[in-house]
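See below for the structure under consideration.
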Amino acid sequence: MPQLIRGSRRANLSTEKMAKRAGTKKTKMNAAMIWGAAIVGVFVLVAVLAPVLAPYDPYKMGIPYIKPSAEHLLGTNDVGQDLLSELIYGTRISLFIGIFTSIIVTVVSLTLSLLSGYYKGAIDKAVTAITNITMGLPDLALTILLIAYLNPGKLSVIISISLTAWTGTARILRSRVLQLCEMPFIKIEQAIGMNDFIIMIKHIVPNLKDIILSRAALSVSAAMMTEAGLSFLGLGDFGAKSWGTILHYAFYQNGVIRNYYWWYLPPILCTSLAVLGFMLLGYYGAQKAKLVKNA
């Protein structure tokens with residue numbers, strides 16, 4: 001019997017080491033990830049150094065509708081505020097909403113997928129039913145409805161977007177958790193009476209990190225697009241500068257009709273470029289399995 005116990009322990013350690021080695025194997029950064037990281041890094045740097053980079057106070061009023069010049073590189077808006085300064089400070093709000101929404105979505109998705117995939121049974125059925133119902137709801141319409149009844153502000157935008165954005169990540173993570181729970185090293189840990197929470201945190205979550213990181217990056221891009229759309233519709237935080245708010249006022253004040261391209265084009269380009277950067281980082285996750293297999 002002691003030999004059998006020692007043998008099972010050695011098998012457990014060997015299997016666990018193999019699982020960790022497979023889950024933590026490093027891969028080379030592909031071109032998509034490098035470009036994505038570079039784009040995101042630039043925008044993060046701009047957000048951090050906004051007070052230094054902005055040539056003017058974005059709330060200071062002056063002469064309206066000034067065309068791009070040496071004094072105002074992107075001109076001014078309808079109340080004379082420097083558009084370049086608005087754009088630089090808008091990076092903070094757009095990234096803040098995108099990143100914090102992604103954190104909430106990731107935490108909720110990971111928690112539900114662990115409970116559903118590990119315990120199965122009634123918990124799995126309940127979580128799956130909630131996920132399916134939420135996925136069947138119109139995301140944008142529900143988000144607009146929620147934010148219309150909440151107090152205006154960044155927190156309201158984050159909560160409204162998060163309530164419907166977690167479903168896709170939860171389904172993917174649940175599928176992976178179900179696979180991991182059938183692996184020998186998990187079965188052995190359960191058989192020897194290891195605490196469920198320890199098994200989840202120590203053995204399951206580390207093997208989900210590639211999916212978590214890639215889905216989190218995609219969640220940031222989706223949240224930024226949604227925030228820009230809400231602000232454009234007039235449902236954003238008007239007390240703060242964001243790319244969507246700049247775009248809203250540009251259209252509201254007939255900037256397109258008057259062909260004030262320096263007003264509406266920069267926020268569109270910044271939003272598109274930032275979303276592209278996060279999507280390229282998410283694309284790396286899709287290539288992870290192939291790279292590990294060929295390494």
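Ordered as shown in the structure tokens, chains take letters A, B, and onward, while each chain numbers its residues from 1 and ligands are numbered from 1 in the order shown.
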
Report as JSON lines the residues of range 64-117 of chain A within 9 Å of range 259-270 of chain A, each with its shortest atom pair and distance in Å (one decimal), using only C-alpha atoms, ordered by chain and increasing residue number.
```
{"residue": "A:Tyr65", "atom": "CA", "partner": "A:Tyr260", "partner_atom": "CA", "distance": 8.3}
{"residue": "A:Lys67", "atom": "CA", "partner": "A:Trp262", "partner_atom": "CA", "distance": 7.7}
{"residue": "A:Pro68", "atom": "CA", "partner": "A:Trp262", "partner_atom": "CA", "distance": 7.1}
{"residue": "A:Leu74", "atom": "CA", "partner": "A:Trp262", "partner_atom": "CA", "distance": 5.6}
{"residue": "A:Gly75", "atom": "CA", "partner": "A:Trp262", "partner_atom": "CA", "distance": 6.7}
{"residue": "A:Thr76", "atom": "CA", "partner": "A:Trp263", "partner_atom": "CA", "distance": 7.7}
{"residue": "A:Asn77", "atom": "CA", "partner": "A:Trp263", "partner_atom": "CA", "distance": 6.8}
{"residue": "A:Leu83", "atom": "CA", "partner": "A:Trp263", "partner_atom": "CA", "distance": 6.9}
{"residue": "A:Leu84", "atom": "CA", "partner": "A:Pro266", "partner_atom": "CA", "distance": 8.7}
{"residue": "A:Leu87", "atom": "CA", "partner": "A:Pro267", "partner_atom": "CA", "distance": 6.8}
{"residue": "A:Gly90", "atom": "CA", "partner": "A:Pro267", "partner_atom": "CA", "distance": 8.7}
{"residue": "A:Thr91", "atom": "CA", "partner": "A:Cys270", "partner_atom": "CA", "distance": 8.4}
```

Include N, CA, C and O atoms and write out the residues we just selected as a PDB file, in the first residue's frame.
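File written: part03.pdb
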```pdb
ATOM      1  N   TYR A  65     -13.673  77.583 -34.395  1.00  0.00           N
ATOM      2  CA  TYR A  65     -13.522  77.187 -35.799  1.00  0.00           C
ATOM      3  C   TYR A  65     -12.216  77.663 -36.441  1.00  0.00           C
ATOM      4  O   TYR A  65     -12.191  78.036 -37.616  1.00  0.00           O
ATOM      5  N   LYS A  67      -8.878  76.942 -38.238  1.00  0.00           N
ATOM      6  CA  LYS A  67      -8.357  75.829 -39.022  1.00  0.00           C
ATOM      7  C   LYS A  67      -6.979  75.417 -38.506  1.00  0.00           C
ATOM      8  O   LYS A  67      -6.321  76.176 -37.801  1.00  0.00           O
ATOM      9  N   PRO A  68      -6.546  74.196 -38.837  1.00  0.00           N
ATOM     10  CA  PRO A  68      -5.222  73.741 -38.382  1.00  0.00           C
ATOM     11  C   PRO A  68      -4.123  74.720 -38.776  1.00  0.00           C
ATOM     12  O   PRO A  68      -4.059  75.193 -39.920  1.00  0.00           O
ATOM     13  N   LEU A  74      -4.523  70.987 -34.768  1.00  0.00           N
ATOM     14  CA  LEU A  74      -5.774  70.391 -35.251  1.00  0.00           C
ATOM     15  C   LEU A  74      -6.923  71.390 -35.216  1.00  0.00           C
ATOM     16  O   LEU A  74      -8.094  70.997 -35.323  1.00  0.00           O
ATOM     17  N   GLY A  75      -6.619  72.643 -35.080  1.00  0.00           N
ATOM     18  CA  GLY A  75      -7.654  73.669 -35.062  1.00  0.00           C
ATOM     19  C   GLY A  75      -8.412  73.700 -33.741  1.00  0.00           C
ATOM     20  O   GLY A  75      -7.987  73.126 -32.736  1.00  0.00           O
ATOM     21  N   THR A  76      -9.548  74.387 -33.742  1.00  0.00           N
ATOM     22  CA  THR A  76     -10.391  74.487 -32.545  1.00  0.00           C
ATOM     23  C   THR A  76     -11.828  74.091 -32.885  1.00  0.00           C
ATOM     24  O   THR A  76     -12.217  74.057 -34.055  1.00  0.00           O
ATOM     25  N   ASN A  77     -12.616  73.841 -31.838  1.00  0.00           N
ATOM     26  CA  ASN A  77     -14.009  73.436 -32.047  1.00  0.00           C
ATOM     27  C   ASN A  77     -14.943  74.643 -32.025  1.00  0.00           C
ATOM     28  O   ASN A  77     -14.495  75.785 -32.166  1.00  0.00           O
ATOM     29  N   LEU A  83      -8.423  71.272 -30.280  1.00  0.00           N
ATOM     30  CA  LEU A  83      -8.832  69.903 -30.569  1.00  0.00           C
ATOM     31  C   LEU A  83      -7.728  68.886 -30.310  1.00  0.00           C
ATOM     32  O   LEU A  83      -8.008  67.751 -29.916  1.00  0.00           O
ATOM     33  N   LEU A  84      -6.489  69.270 -30.509  1.00  0.00           N
ATOM     34  CA  LEU A  84      -5.391  68.349 -30.219  1.00  0.00           C
ATOM     35  C   LEU A  84      -5.331  68.036 -28.727  1.00  0.00           C
ATOM     36  O   LEU A  84      -5.131  66.875 -28.334  1.00  0.00           O
ATOM     37  N   LEU A  87      -8.121  65.722 -27.909  1.00  0.00           N
ATOM     38  CA  LEU A  87      -7.833  64.378 -28.401  1.00  0.00           C
ATOM     39  C   LEU A  87      -6.866  63.648 -27.464  1.00  0.00           C
ATOM     40  O   LEU A  87      -7.045  62.463 -27.171  1.00  0.00           O
ATOM     41  N   GLY A  90      -8.648  62.865 -24.315  1.00  0.00           N
ATOM     42  CA  GLY A  90      -9.667  61.863 -24.599  1.00  0.00           C
ATOM     43  C   GLY A  90      -9.123  60.447 -24.588  1.00  0.00           C
ATOM     44  O   GLY A  90      -9.875  59.492 -24.365  1.00  0.00           O
ATOM     45  N   THR A  91      -7.815  60.289 -24.811  1.00  0.00           N
ATOM     46  CA  THR A  91      -7.183  58.977 -24.750  1.00  0.00           C
ATOM     47  C   THR A  91      -7.353  58.366 -23.371  1.00  0.00           C
ATOM     48  O   THR A  91      -7.558  57.158 -23.229  1.00  0.00           O
TER      49      THR A  91
END
```

Non-local contacts of range 100-113 of chain A (6 Å; only C-alpha atoms; under 5 positions in same chain excluded) as a list in words = Ile158, Ser162, Trp166, Thr169, Ala170, Leu173, Arg174, Ala216, Ser219 and Val220 of chain A

Selection export as a PDB file, in the first residue's frame, atoms kept: N, CA, C and O atoms:
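As a result, out.pdb now contains:
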```
ATOM      1  N   ILE A 158     -19.438  51.883 -17.906  1.00  0.00           N
ATOM      2  CA  ILE A 158     -18.729  50.626 -17.675  1.00  0.00           C
ATOM      3  C   ILE A 158     -19.697  49.517 -17.274  1.00  0.00           C
ATOM      4  O   ILE A 158     -19.641  48.396 -17.798  1.00  0.00           O
ATOM      5  N   SER A 162     -20.609  46.160 -19.462  1.00  0.00           N
ATOM      6  CA  SER A 162     -20.169  44.889 -18.870  1.00  0.00           C
ATOM      7  C   SER A 162     -21.296  43.881 -18.740  1.00  0.00           C
ATOM      8  O   SER A 162     -21.057  42.665 -18.794  1.00  0.00           O
ATOM      9  N   TRP A 166     -19.850  39.782 -21.287  1.00  0.00           N
ATOM     10  CA  TRP A 166     -19.105  38.685 -20.681  1.00  0.00           C
ATOM     11  C   TRP A 166     -19.428  37.321 -21.283  1.00  0.00           C
ATOM     12  O   TRP A 166     -18.695  36.345 -21.057  1.00  0.00           O
ATOM     13  N   THR A 169     -16.751  35.318 -23.702  1.00  0.00           N
ATOM     14  CA  THR A 169     -15.575  34.857 -22.962  1.00  0.00           C
ATOM     15  C   THR A 169     -15.931  33.725 -22.014  1.00  0.00           C
ATOM     16  O   THR A 169     -15.176  32.760 -21.871  1.00  0.00           O
ATOM     17  N   ALA A 170     -17.090  33.812 -21.360  1.00  0.00           N
ATOM     18  CA  ALA A 170     -17.511  32.778 -20.412  1.00  0.00           C
ATOM     19  C   ALA A 170     -17.694  31.433 -21.106  1.00  0.00           C
ATOM     20  O   ALA A 170     -17.297  30.380 -20.569  1.00  0.00           O
ATOM     21  N   LEU A 173     -14.162  29.983 -22.005  1.00  0.00           N
ATOM     22  CA  LEU A 173     -13.451  29.525 -20.813  1.00  0.00           C
ATOM     23  C   LEU A 173     -14.104  28.272 -20.220  1.00  0.00           C
ATOM     24  O   LEU A 173     -13.409  27.364 -19.758  1.00  0.00           O
ATOM     25  N   ARG A 174     -15.424  28.216 -20.220  1.00  0.00           N
ATOM     26  CA  ARG A 174     -16.119  27.036 -19.696  1.00  0.00           C
ATOM     27  C   ARG A 174     -15.727  25.786 -20.469  1.00  0.00           C
ATOM     28  O   ARG A 174     -15.491  24.714 -19.883  1.00  0.00           O
ATOM     29  N   ALA A 216      -9.332  39.229 -23.062  1.00  0.00           N
ATOM     30  CA  ALA A 216      -9.319  40.524 -22.380  1.00  0.00           C
ATOM     31  C   ALA A 216      -8.945  41.642 -23.346  1.00  0.00           C
ATOM     32  O   ALA A 216      -9.538  42.731 -23.320  1.00  0.00           O
ATOM     33  N   SER A 219     -11.847  42.333 -25.451  1.00  0.00           N
ATOM     34  CA  SER A 219     -12.889  43.010 -24.680  1.00  0.00           C
ATOM     35  C   SER A 219     -12.621  44.503 -24.583  1.00  0.00           C
ATOM     36  O   SER A 219     -13.556  45.311 -24.605  1.00  0.00           O
ATOM     37  N   VAL A 220     -11.350  44.881 -24.478  1.00  0.00           N
ATOM     38  CA  VAL A 220     -11.007  46.302 -24.430  1.00  0.00           C
ATOM     39  C   VAL A 220     -11.421  46.991 -25.721  1.00  0.00           C
ATOM     40  O   VAL A 220     -12.033  48.070 -25.709  1.00  0.00           O
TER      41      VAL A 220
END
```

Would you return as a ChimeraX atom specification the members of range 10-212 of chain A that DSSP assigns to helix (DSSP H, G or I) on this structure's backbone?
-> /A:10-23,31-48,50-53,83-119,121-136,139-149,154-165,167-181,184-191,196-212

State, in Å with one decimal place, the distance from CA of Ser116 in chain A to CA of Ser156 in chain A.
->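 Separation of CA of Ser116 in chain A and CA of Ser156 in chain A: 28.2 Å.
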
Among the residues A:Ile93, A:Val275, A:Ile144, A:Ile39, the one that comes closest to Gly239 in chain A [using only C-alpha atoms] |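 Smallest separation from Gly239 in chain A among the options: A:Ile93.
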
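The protein and nucleic acid residues lying at most 12 Å from Asp139 in chain A are A:Ile133, A:Thr134, A:Met135, A:Thr143, A:Ile144, A:Leu145, A:Leu146, A:Ser160, A:Ile161, A:Ser162, A:Leu163, A:Thr164, A:Ala165, A:Trp166, A:Thr167, A:Ala222, A:Ala223, A:Thr226, with only C-alpha atoms considered and sequence neighbours fewer than 4 positions away removed.
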
Quick one, how far is CA of Lys154 in chain A from CA of Leu140 in chain A?
-> 16.9 Å
